[in-house]
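What follows is one structure encoded as structure tokens, with my remarks underneath.
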Amino acid sequence: MKDYLHLRAPGNWINDPNGFIFYRGQYHLFYQHFPYAPCWGTMHWGHAVSSDLVHWEHKGVALFPSKYYDRNGVFSGSAVEQDGRLFLYYTAIRYQEQDPENIHHAREDRFTASQAMLVSEDGVHFDNWNAKRQIIPTLTDPREGDPKNTRDPKVWRQGDAWYMVLGSTREGTGRLLVWRSDDGLNWRCGGQCTDPAFGTTLECPDLMPLDDGMLLFGCPMGVTADGLKYPDQAMFARADFDPGTCRVTLREKMQVLDWGLDLYAPQSTLDREGRRVWLGWMRMPRPVTDPTGSRADWCGMMSLPRLVELRDGKVCFPVHPAVTACFDRPAKDLSPLREHRPVRLQGTIGEGEVWNVGGYRIRMRDGRIETDRSEVFAGLQGCRLTAQTPRLEEEGCALDIYAEENLIEIFVNEGRYVLSQIVYGLGQTLEGNFAALSTVE
Ligand code: FRU
């Protein structure tokens with residue numbers, strides 16, 4: 001099974017991207033996967049590969065919950081290459097007692113979380129049936145973080161050492177834990193960092209070099225809770241990291257990563273050219289029935305790949321050039337969408353102007369980009385319908401919009417702000433002062 005531009009669930013459910021890495025000439029993207037129904041359940045790692053970040057080939061399930069310690073879920077994690085081998089790290093979940101109403105959930109707080117790893121010789125075989133997976137000695141000291149709610153190891157190598165960030169919580173406040181290792185097998189806890197913007201629990205942290213410091217991605221739970229679905233947000237901040245002590249210090253306030261507020265659990269890696277590239281899970285409130293019938297009802301997809309760039313001291317997230325290169329066919333209207341081909345719209349929007357992309361409204365008001373998906377959200381209740389960016393500092397406002405049947409991604413001033421949202425059933429109406437319209441072959 002193949003996907004183009006956006007990786008979608010190959011049927012049933014996906015959430016977070018995991019183990020994103022360029023390894024032996026190919027991008028590998030694993031993801032949280034429940035292969036039996038289009039809803040969250042006992043987690044597996046699905047696996048897809050690509051040579052260009054655009055054409056994806058699904059490879060099936062890489063990691064099954066097949067060990068005693070991960071029998072209730074192979075949760076999120078990451079990948080590192082060492083001596084030609086692929087090291088995979090994840091959080092292993094075991095329930096002491098299942099919820100009698102739903103076996104995919106634990107009864108109350110009756111579960112154990114541990115960090116685990118395995119080594120694949122080739123990125124093709126993942127040792128599900130042998131005994132080669134292992135538990136990494138886990139956090140036991142509750143003064144560092146709640147061991148039950150410490151998860152999502154993101155590992156990288158720097159100098160001679162290996163480092164791991166984990167999302168955690170302590171006394172109701174989110175925490176970032178940093179571990180250090182000399183060999184990728186034996187770990188000890190080093191630094192910690194906490195901030196009110198880490199919410200009640202921090203999930204899926206990612207710490208990456210940027211300029212003379214680092215950039216932290218993290219998903220605080222509960223920060224923007226407002227009664228609507230999906231209150232938890234992916235956020236970022238520039239940070240300092242001392243590899244000796246593993247101390248992380250935020251340089252600035254955490255900021256929203258994507259103003260559409262549907263993107264979660266972003267994960268980064270280096271692309272073939274050595275640039276920092278990342279993508280995130282687009283949360284979908286309802287599954288989609290594939291019109292061609294070639295896959296089971298599916299729920300969840302990945303965003304387009306984006307870069308990290310520092311421009312005039314501001315962190316920007318432009319779309320990856322491998323994506324823009326695909327849109328080389330001029331288009332007249334939104335009709336390619338009917339053939340499941342995405343459309344790209346480019347132009348400059350002025351104050352007070354409203355664009356209508358298939359029923360999805362984009363307007364500039366008070367120096368901000370505002371969107372409204374109420375017409376193209378299939379009447380779904382309880383989700384956010386409108387979104388807006390902060391006020392732009394720049395004079396003009398250039399929009400680069402990628403629209404497909406279930407997702408609109410708007411890059412404002414080349415990624416200074418990005419606003420991505422799930423939609424259901426875009427129409428064909430197209431109104432706005434676009435300078436260029438294109439589609440893919
Ligand atoms: C984030 C998350 C992670 C966890 C995974 C489980 O969406 O909750 O913290 O590892 O999903 O599927």
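If you're wondering about the labels, chains in the structure tokens are A, B, ... by order shown, residues count from 1 in each chain, ligands from 1 in order shown.
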>> Please identify all protein, DNA and RNA residues within 7 Å of ligand 1, counting only C-alpha atoms and all ligand atoms, and report them as JSON, numbers by chain.
In response: {"A": [15, 16, 32, 43, 75, 76, 91, 151, 152, 203, 204, 264, 265]}
>> Can you tell me which residues surround A:Arg107 at a distance of at most 9 Å, considering only C-alpha atoms, apart from same-chain residues fewer than 5 positions away, and format the answer as a list in words?
In response: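 Skipping anything fewer than 5 positions along the chain leaves Tyr95, Gln96, Glu97, Gln98, Asp99 and Pro100 of chain A.
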Dump N, CA and C atoms for the selected residues as a PDB file, in the first residue's frame?
ATOM      1  N   TYR A  95      -0.509  -3.616  31.820  1.00  0.00           N
ATOM      2  CA  TYR A  95      -1.607  -3.373  32.764  1.00  0.00           C
ATOM      3  C   TYR A  95      -1.596  -4.435  33.850  1.00  0.00           C
ATOM      4  N   GLN A  96      -1.807  -3.996  35.074  1.00  0.00           N
ATOM      5  CA  GLN A  96      -2.033  -4.981  36.144  1.00  0.00           C
ATOM      6  C   GLN A  96      -3.479  -5.450  36.069  1.00  0.00           C
ATOM      7  N   GLU A  97      -4.324  -4.571  35.627  1.00  0.00           N
ATOM      8  CA  GLU A  97      -5.741  -4.928  35.547  1.00  0.00           C
ATOM      9  C   GLU A  97      -6.387  -4.150  34.401  1.00  0.00           C
ATOM     10  N   GLN A  98      -7.058  -4.903  33.524  1.00  0.00           N
ATOM     11  CA  GLN A  98      -7.715  -4.232  32.408  1.00  0.00           C
ATOM     12  C   GLN A  98      -9.063  -3.681  32.846  1.00  0.00           C
ATOM     13  N   ASP A  99      -9.481  -2.665  32.152  1.00  0.00           N
ATOM     14  CA  ASP A  99     -10.818  -2.137  32.378  1.00  0.00           C
ATOM     15  C   ASP A  99     -11.810  -3.152  31.809  1.00  0.00           C
ATOM     16  N   PRO A 100     -12.708  -3.682  32.638  1.00  0.00           N
ATOM     17  CA  PRO A 100     -13.609  -4.721  32.123  1.00  0.00           C
ATOM     18  C   PRO A 100     -14.475  -4.225  30.968  1.00  0.00           C
TER      19      PRO A 100
END
>> At a cut-off of 6 Å, using only C-alpha atoms, what residues contact stretch 294-310 of chain A? Leave out same-chain residues fewer than 4 positions from it and give the result as a ChimeraX atom specification.
In response: /A:6-9,11-14,38,276-284,287-289,314-320
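Closest to A:Val418 among A:Asp312, A:Asp52, A:Asp258, A:Asp160 is A:Asp258, based on only C-alpha atoms.
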>> Taking only C-alpha atoms into account, name the residue in A:Thr348, A:Ser114, A:Thr439, A:Gln233 that is nearest to A:Cys326.
In response: A:Thr439
> So how many Å separate atom CA of A:Glu339 and atom CA of A:Gly432, to one decimal?
Replying inline: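 We find that atom CA of A:Glu339 and atom CA of A:Gly432 lie 22.4 Å from each other.
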>> Residues near A:Arg361, anyone? I mean within 10 Å using only C-alpha atoms, not counting same-chain ones fewer than 4 positions away, as a list in words.
In response: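 Listing them by chain and then by number gives Val354, Trp355, Asn356, Val357, Glu370, Thr371, Asp372, Arg373, Ser374, Glu375, Val376, Thr386, Leu430, Glu431 and Gly432 of chain A.
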> When you draw a straight line from atom CA of A:Thr249 to atom CA of A:Trp162, how long is it in Å?
Replying inline: 19.0 Å
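Between atom CA of A:Leu139 and atom CA of A:Leu176 lies a distance of 12.8 Å.
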>> Measuring between only C-alpha atoms, which one of A:Arg180, A:Lys253, A:Lys132, A:Lys148 shows the shortest distance to A:Phe198?
In response: A:Lys253
>> For a quick check of understanding, using only C-alpha atoms, which of A:Thr292, A:Gln421, A:Ser50, A:Ser66 has the smallest distance to A:Leu263?
In response: A:Gln421
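Considering the residues A:Gln255, A:Ala435, A:Leu63, A:Ala234 and counting only C-alpha atoms, A:Phe126 has its shortest atom-to-atom contact with A:Leu63.
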>> Taking only stretch 326-391 of chain A into account, list the residues labelled helix (DSSP H, G or I) by DSSP (computed from the backbone), as a PyMOL selection string.
In response: chain A and resi 335-339+374-376
> Within 10 Å of A:Gly213, counting only C-alpha atoms, which residues qualify if same-chain residues fewer than 5 places away don't, as a PyMOL selection string?
Replying inline: chain A and resi 208+238-242+251
> If you count only C-alpha atoms, which residues fall within 8 Å of A:Gln192, apart from same-chain ones fewer than 6 positions away, as a VMD selection string?
Replying inline: chain A and resid 144 175 to 178 246 to 248
>> Let me make sure I understand: among A:Met364, A:Gly382, A:Ile21, A:Met235, which one has the smallest atom-to-atom distance to A:Gly274 if we use only C-alpha atoms?
In response: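 Of A:Met364, A:Gly382, A:Ile21, A:Met235, the one nearest A:Gly274 is A:Ile21, counting only C-alpha atoms.
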> Excluding same-chain residues fewer than 4 positions from A:Arg94, what lies within 8 Å of it counting only C-alpha atoms, as number ranges by chain?
Replying inline: A: 68-73, 111-113
> Please, which residues of stretch 335-401 of chain A, numbered as in this document, come out strand (DSSP E or B) from DSSP, as a PyMOL selection string?
Replying inline: chain A and resi 343-348+354-357+360-365+368-372+377+386-388+398-401
